[in-house]
Amino acid sequence: MSISRLTVAGLFLFALLFGQPLLAQSSAQSFVVADIVVEGNERIDLGTVLNYLPVRARDNFDPASDGARALRALYDTGLFSDVVIKRRGANVLLVEVVERPSIGSISIEGNQKIPKEELQSSLRQADIALGRVYNRSLLETVERELRRVYFSAGNYGSEIDIDVKDLERNRVALDINIKEGAIAKIQHINIVGNTSYSEDELVKLLQSREYTPNPFSSADEYSQVKLAADIETLRSFYLDRGFTRFEVDSTQVSISPDKRDIYIVININEGDRYTVRDVKLRGTLDVPEQELLDLIEVEPGGVFARKDIVRSSNAITDRLGQDGFAFAEVDVLPDIDDASKDVGLTFVVTPGKRVYVRRIIFTGQYKTRDEVLRREMRQFEGSRFSPALVNRSRIRLQRLAFMQSVSIRTPRVPGTDDQVDLEVNVTEGPSGSFSAGFGYGTEGASVNLAFSQENLFGTGQSMQFAFDNNDTTRQLSLSIRDPYFTDDGISRTVRAFISETDTSNSSARTTYLSSSRGASVNFGVPLSEFSTFRVGAGYERTEIGRTETTPDDINAFVDEHGDTYDLWNLKMGFSFDTRNRTVFATSGFINRFELDFSVPGSDITYYKAGYSFEFFYPITERYTFSSTVRVNGGAGYGDFEDIPFFKRYFAGGVTTLRGYRAGSLGPKDSVGNASGGDFRTLGTVELIFPPPFVEEPGATRFSLFTDFGNVYRKYEDFDTDEFRASYGVAFVWLSPVGPLTFSYSYPYNERSGDRIDNFQFTIGTIF
């Protein structure tokens, strides 16, 4: 018998002989329990006490044996600090209990490095929460759990003080005060047992770093989680290079007496390098065997590499998924020959049954209509399940301007092995905005009024209204776009605008006055999942006014052709778009071809053509490489040789070539202002990344960039020696009032007469 059981039995016998005279009078006599009465319980209901009590009404109760058993059962619950069992009258069993207090409140103060929510979650996992029963041993559990959390984060110098205060209704308050102390720094990392790779090469693979004086770096802060990840990094490094028998024998972590310095020793056993002996495919194959073999990246005679095996298995699984085998399994069985140092690999394929989609369920949307989301799906209800179609559906939903995030789950239908449901959870972002204000950008002071709605009444249609008034331009525009004007996905965009320009207020451009108004309608016809053909028509009337500084070529043009021009335009375009997002894309590319020309019968006949290419490649989860190329050119036809001066191309500024004043590059007029040209080339290379210390950047991003290009009077004048270029850093924020774009750049091949603006920004305008 254990000491605790002897203690309970002793207490019972002591109470029986000295503390319970009613029971002592007949202690040797058993009786049949007619009723059980519980007294003293306040928070714990009667049913709970009776459930734990191993005695029932009409049981024969023997005080000598059943009494000790009943006491032990109630004490073992941990709910009571005192229990007394008495006999009342002839056959009533009286149970008197004193409840342990419950935890009424838990407060945590002093924590800064670890969020309070994380500490509270850790306490809940240790069964320490409001309403739980309190006992003194609980304090040790609380302190031990909090120390575990801080130790795992490298805070070995943390101090934890717990104050217990009594509250009304038999409750207590736990006031936890934490002194976090400094996080221990890694002074040295030593890897022992390596022969094929140097210690410096291996240490560079680790997230953990030796002490650095950089106050913004946390790489030298010790963390158990980070060290565990580093061990897996080493394991993957060796297994991907043929070391099949690689092992981490041990890891020693030493801490200095002041608990501020950490020394890490990692003992490894590399083993020998193994090659691949042969590759086999086995199992039930519903796909041609050679097609699956072609997906295997492992070659006989090559070095054994786990990453190639994993990629090959995933490729086979994805291929089977295209044929509806959603739960296909591919197991790789290695046959290791330690004598010849090679491995035979057998890919065992178990396709399972073909799986079909039963239902598609949308959750999370509060405004968007169901059909707006459903029409973007490429995986349909009742059809064969395809991971590729599910992924494409997610991307299409994610590309909607009013969607912030999209996730898709594919749970099996209960009771079946060949059906799944698609649970599509969406998070809607802000779809509309209204702003009015005053701003200042590199185009000068501006007043703007704007209304934008990307998801009008939940239909997926968009409407934009904008009024801008700055030093050079006043513009009023309204556009409405219906992405599904027809059921088969043809879009329609209707736009009307009024614009007045006074370039005499610009220090960079040729000076003249213009007033334009017009309207257009454009249609987008999807040709495939990624390609779209666009066609549209529009009308525009432009009136030109002259100033004292208007250059001679414009004066001559107006004298010959008048100052009012009616233009009827046709537009055609083609795009091929594989980007994962339309805004802040991180992968994919888009090709665009555009042709805009005024039809015969217009006052001026000309054409403009353009090509642009944007490419995005994810280097890591946080860093994206991007490159952009734009080429634009045009000419007049019929009685006209050139593009009209008010339709020319310009360069310089935030949206074209940063670091140079907006519209200041290219050919110059007689007074040295930019007059635009008929041909333009632009290029950009960027490294895009989120703001530092931000886990989920959302609507913000930074980039390091270089821009290059220029504008030429004619295509024949194109000369790369005339390129201008700059480099710098940019920041973009998709704010509620519209995109805010900032850049600071340095031109590095400017020429005499170029106008430089190192810092440029636009506020409240579309970039």
# chains A, B, ... in the order shown; residues from 1 in each chain; ligands from 1
>>> closest_atom_pairs(of="range 486-571 of chain A", to="range 578-584 of chain A", cutoff="9 Å", atoms="only C-alpha atoms", output="CSV")
residue,atom,partner,partner_atom,distance
A:Glu529,CA,A:Thr578,CA,8.9
A:Phe530,CA,A:Thr578,CA,6.0
A:Ser531,CA,A:Thr578,CA,8.8
>>> residues_around(residues="Leu205 in chain A", least_positions_apart="5", cutoff="8 Å", atoms="only C-alpha atoms", output="list in words")
Asp230, Thr233 and Leu234 of chain A
>>> write_last_selection(atoms="N, CA and C atoms", output="mmCIF file, in the first residue's frame")
data_model
loop_
_atom_site.group_PDB
_atom_site.id
_atom_site.type_symbol
_atom_site.label_atom_id
_atom_site.label_comp_id
_atom_site.auth_asym_id
_atom_site.auth_seq_id
_atom_site.Cartn_x
_atom_site.Cartn_y
_atom_site.Cartn_z
ATOM 1 N N ASP A 230 17.537 23.642 -37.763
ATOM 2 C CA ASP A 230 18.888 23.571 -38.317
ATOM 3 C C ASP A 230 19.365 22.126 -38.448
ATOM 4 N N THR A 233 17.883 20.809 -41.484
ATOM 5 C CA THR A 233 18.554 21.387 -42.654
ATOM 6 C C THR A 233 19.830 20.621 -42.973
ATOM 7 N N LEU A 234 20.614 20.310 -41.943
ATOM 8 C CA LEU A 234 21.821 19.520 -42.159
ATOM 9 C C LEU A 234 21.482 18.136 -42.708
#
>>> residues_around(residues="Ser393 in chain A", least_positions_apart="2", cutoff="12 Å", atoms="only C-alpha atoms", output="PyMOL selection string")
chain A and resi 360+373-380+386-391+395-400+406-408+422+424+529+580
>>> write_last_selection(atoms="N, CA, C and O atoms", output="short mmCIF file (atom, residue, chain, number, x, y, z; two decimals), in the first residue's frame")
data_model
loop_
_atom_site.label_atom_id
_atom_site.label_comp_id
_atom_site.auth_asym_id
_atom_site.auth_seq_id
_atom_site.Cartn_x
_atom_site.Cartn_y
_atom_site.Cartn_z
N ILE A 360 -19.52 21.84 -54.14
CA ILE A 360 -18.59 22.95 -53.94
C ILE A 360 -19.28 23.94 -53.01
O ILE A 360 -20.36 24.45 -53.32
N LEU A 373 -18.50 33.85 -57.54
CA LEU A 373 -17.40 32.96 -57.20
C LEU A 373 -17.47 31.67 -58.01
O LEU A 373 -16.44 31.18 -58.50
N ARG A 374 -18.67 31.15 -58.19
CA ARG A 374 -18.82 29.86 -58.85
C ARG A 374 -18.37 29.92 -60.32
O ARG A 374 -17.84 28.94 -60.84
N ARG A 375 -18.56 31.06 -60.97
CA ARG A 375 -18.20 31.14 -62.39
C ARG A 375 -16.69 31.17 -62.59
O ARG A 375 -16.21 30.97 -63.71
N GLU A 376 -15.92 31.41 -61.52
CA GLU A 376 -14.47 31.37 -61.64
C GLU A 376 -13.91 29.96 -61.45
O GLU A 376 -12.72 29.74 -61.70
N MET A 377 -14.74 29.03 -61.00
CA MET A 377 -14.27 27.68 -60.74
C MET A 377 -14.00 26.93 -62.04
O MET A 377 -14.77 26.99 -62.98
N ARG A 378 -12.88 26.22 -62.04
CA ARG A 378 -12.57 25.35 -63.16
C ARG A 378 -12.76 23.88 -62.80
O ARG A 378 -12.70 23.00 -63.65
N GLN A 379 -12.95 23.62 -61.51
CA GLN A 379 -13.36 22.30 -61.04
C GLN A 379 -14.87 22.36 -60.80
O GLN A 379 -15.36 23.23 -60.11
N PHE A 380 -15.62 21.43 -61.40
CA PHE A 380 -17.07 21.49 -61.34
C PHE A 380 -17.64 20.36 -60.48
O PHE A 380 -17.02 19.29 -60.32
N SER A 386 -9.67 16.93 -60.03
CA SER A 386 -8.36 17.21 -60.61
C SER A 386 -7.64 18.26 -59.77
O SER A 386 -8.11 19.39 -59.66
N PRO A 387 -6.50 17.90 -59.14
CA PRO A 387 -5.76 18.90 -58.37
C PRO A 387 -5.37 20.11 -59.20
O PRO A 387 -5.35 21.24 -58.68
N ALA A 388 -5.06 19.90 -60.47
CA ALA A 388 -4.67 21.03 -61.32
C ALA A 388 -5.83 22.01 -61.50
O ALA A 388 -5.65 23.23 -61.47
N LEU A 389 -7.04 21.47 -61.69
CA LEU A 389 -8.21 22.34 -61.85
C LEU A 389 -8.56 23.03 -60.55
O LEU A 389 -9.01 24.19 -60.55
N VAL A 390 -8.37 22.35 -59.43
CA VAL A 390 -8.62 22.97 -58.13
C VAL A 390 -7.65 24.13 -57.91
O VAL A 390 -8.04 25.22 -57.47
N ASN A 391 -6.38 23.90 -58.24
CA ASN A 391 -5.39 24.96 -58.07
C ASN A 391 -5.67 26.13 -59.00
O ASN A 391 -5.54 27.29 -58.60
N ILE A 395 -6.46 30.10 -58.04
CA ILE A 395 -5.76 31.25 -58.62
C ILE A 395 -6.76 32.23 -59.24
O ILE A 395 -6.63 33.45 -59.08
N ARG A 396 -7.76 31.72 -59.95
CA ARG A 396 -8.74 32.62 -60.58
C ARG A 396 -9.51 33.40 -59.51
O ARG A 396 -9.78 34.60 -59.69
N LEU A 397 -9.88 32.76 -58.43
CA LEU A 397 -10.55 33.47 -57.35
C LEU A 397 -9.61 34.48 -56.72
O LEU A 397 -10.01 35.60 -56.39
N GLN A 398 -8.36 34.10 -56.56
CA GLN A 398 -7.38 34.98 -55.94
C GLN A 398 -7.09 36.20 -56.80
O GLN A 398 -6.68 37.26 -56.30
N ARG A 399 -7.28 36.07 -58.11
CA ARG A 399 -7.03 37.18 -59.02
C ARG A 399 -8.13 38.23 -59.01
O ARG A 399 -7.96 39.32 -59.57
N LEU A 400 -9.28 37.91 -58.41
CA LEU A 400 -10.34 38.91 -58.29
C LEU A 400 -9.85 40.06 -57.42
O LEU A 400 -9.28 39.84 -56.35
N VAL A 406 -7.63 33.16 -50.50
CA VAL A 406 -8.49 32.04 -50.88
C VAL A 406 -7.81 30.75 -50.45
O VAL A 406 -6.61 30.56 -50.70
N SER A 407 -8.54 29.87 -49.80
CA SER A 407 -8.02 28.54 -49.47
C SER A 407 -9.09 27.51 -49.80
O SER A 407 -10.29 27.78 -49.68
N ILE A 408 -8.65 26.33 -50.23
CA ILE A 408 -9.57 25.27 -50.65
C ILE A 408 -9.20 23.98 -49.93
O ILE A 408 -8.05 23.55 -49.98
N LEU A 422 -15.55 20.19 -52.08
CA LEU A 422 -14.62 21.32 -52.15
C LEU A 422 -15.14 22.41 -51.22
O LEU A 422 -16.21 22.97 -51.45
N VAL A 424 -14.44 25.92 -50.15
CA VAL A 424 -13.70 27.10 -50.61
C VAL A 424 -13.94 28.23 -49.61
O VAL A 424 -15.06 28.74 -49.49
N GLU A 529 -7.73 29.58 -71.30
CA GLU A 529 -7.65 29.86 -69.87
C GLU A 529 -6.74 31.04 -69.57
O GLU A 529 -6.91 31.75 -68.60
N ASN A 580 -0.17 34.75 -60.87
CA ASN A 580 -1.02 34.23 -59.80
C ASN A 580 -1.89 35.31 -59.19
O ASN A 580 -2.88 35.00 -58.52
#
>>> atom_distance(atom1="CA of Phe451 in chain A", atom2="CA of Val372 in chain A")
22.0 Å
>>> select_by_dssp(residues="range 122-333 of chain A", states="strand (DSSP E or B)", output="PyMOL selection string")
chain A and resi 133+159-167+171-179+185-192+221+247-255+261-269+275-283+303+329-333
>>> closest_atom_pairs(of="range 323-398 of chain A", to="range 257-275 of chain A", cutoff="7 Å", atoms="only C-alpha atoms", output="CSV")
residue,atom,partner,partner_atom,distance
A:Lys341,CA,A:Tyr274,CA,4.9
A:Asp342,CA,A:Thr275,CA,4.6
A:Val343,CA,A:Thr275,CA,6.2
>>> select_by_dssp(residues="range 639-755 of chain A", states="helix (DSSP H, G or I)", output="ChimeraX atom specification")
/A:645-647,715-717,720-722
>>> residues_around(residues="Phe593 in chain A", least_positions_apart="2", cutoff="8 Å", atoms="only C-alpha atoms", output="PyMOL selection string")
chain A and resi 573-575+591+595+609-612
>>> write_last_selection(atoms="C-alpha atoms", output="short mmCIF file (atom, residue, chain, number, x, y, z; two decimals), in the first residue's frame")
data_model
loop_
_atom_site.label_atom_id
_atom_site.label_comp_id
_atom_site.auth_asym_id
_atom_site.auth_seq_id
_atom_site.Cartn_x
_atom_site.Cartn_y
_atom_site.Cartn_z
CA GLY A 573 -5.24 43.75 -78.26
CA PHE A 574 -4.12 40.32 -77.15
CA SER A 575 -2.83 39.20 -73.77
CA ASN A 591 2.42 39.32 -72.58
CA LEU A 595 -3.02 48.33 -81.53
CA ALA A 609 1.17 49.83 -81.38
CA GLY A 610 2.64 48.48 -78.18
CA TYR A 611 4.10 45.37 -76.63
CA SER A 612 4.81 44.75 -72.96
#
>>> closest_atom_pairs(of="range 168-259 of chain A", to="range 298-304 of chain A", cutoff="7 Å", atoms="only C-alpha atoms", output="JSON lines")
{"residue": "A:Asp240", "atom": "CA", "partner": "A:Phe304", "partner_atom": "CA", "distance": 6.9}
{"residue": "A:Arg241", "atom": "CA", "partner": "A:Phe304", "partner_atom": "CA", "distance": 6.5}
{"residue": "A:Gly242", "atom": "CA", "partner": "A:Phe304", "partner_atom": "CA", "distance": 4.3}
>>> residues_around(residues="Val629 in chain A", least_positions_apart="3", cutoff="7 Å", atoms="only C-alpha atoms", output="compact mmCIF listing (two decimals) with N, CA, C and O atoms, in the first residue's frame")
# COMPACT_ATOMS: atom_id res chain seq x y z
N SER A 612 4.23 44.74 -74.30
CA SER A 612 4.81 44.75 -72.96
C SER A 612 4.91 43.33 -72.44
O SER A 612 4.08 42.47 -72.77
N PHE A 613 5.94 43.10 -71.63
CA PHE A 613 6.17 41.79 -71.04
C PHE A 613 6.56 41.99 -69.59
O PHE A 613 7.48 42.76 -69.28
N GLU A 614 5.83 41.33 -68.69
CA GLU A 614 6.13 41.37 -67.26
C GLU A 614 6.34 39.94 -66.77
O GLU A 614 5.53 39.06 -67.06
N LEU A 682 11.23 50.96 -72.78
CA LEU A 682 11.41 51.05 -71.34
C LEU A 682 11.66 49.65 -70.78
O LEU A 682 11.14 48.65 -71.30
N GLY A 683 12.43 49.58 -69.74
CA GLY A 683 12.69 48.30 -69.08
C GLY A 683 12.91 48.50 -67.59
O GLY A 683 13.35 49.57 -67.15
N THR A 684 12.60 47.48 -66.82
CA THR A 684 12.78 47.51 -65.36
C THR A 684 13.18 46.13 -64.88
O THR A 684 12.65 45.12 -65.35
>>> closest_residue(among="A:Asn555, A:Ser102, A:Thr532, A:Ser515", to="Leu138 in chain A", atoms="only C-alpha atoms")
A:Ser102
>>> atom_distance(atom1="CA of Leu293 in chain A", atom2="CA of Asp335 in chain A")
18.6 Å
>>> atom_distance(atom1="CA of Asp639 in chain A", atom2="CA of Ala496 in chain A")
28.8 Å
>>> residues_around(residues="Val37 in chain A", least_positions_apart="6", cutoff="12 Å", atoms="only C-alpha atoms", output="ChimeraX atom specification")
/A:46-47,49-50,53,55-57,84-89,91-97
>>> closest_residue(among="A:Gly545, A:Asp175, A:Phe533, A:Gln453", to="Glu594 in chain A", atoms="only C-alpha atoms")
A:Phe533
>>> closest_residue(among="A:Phe31, A:Leu292, A:Tyr623, A:Ser675", to="Ala64 in chain A", atoms="only C-alpha atoms")
A:Phe31
>>> residues_around(residues="Ser313 in chain A", least_positions_apart="4", cutoff="8 Å", atoms="only C-alpha atoms", output="PyMOL selection string")
chain A and resi 296+309+317+330-332+347
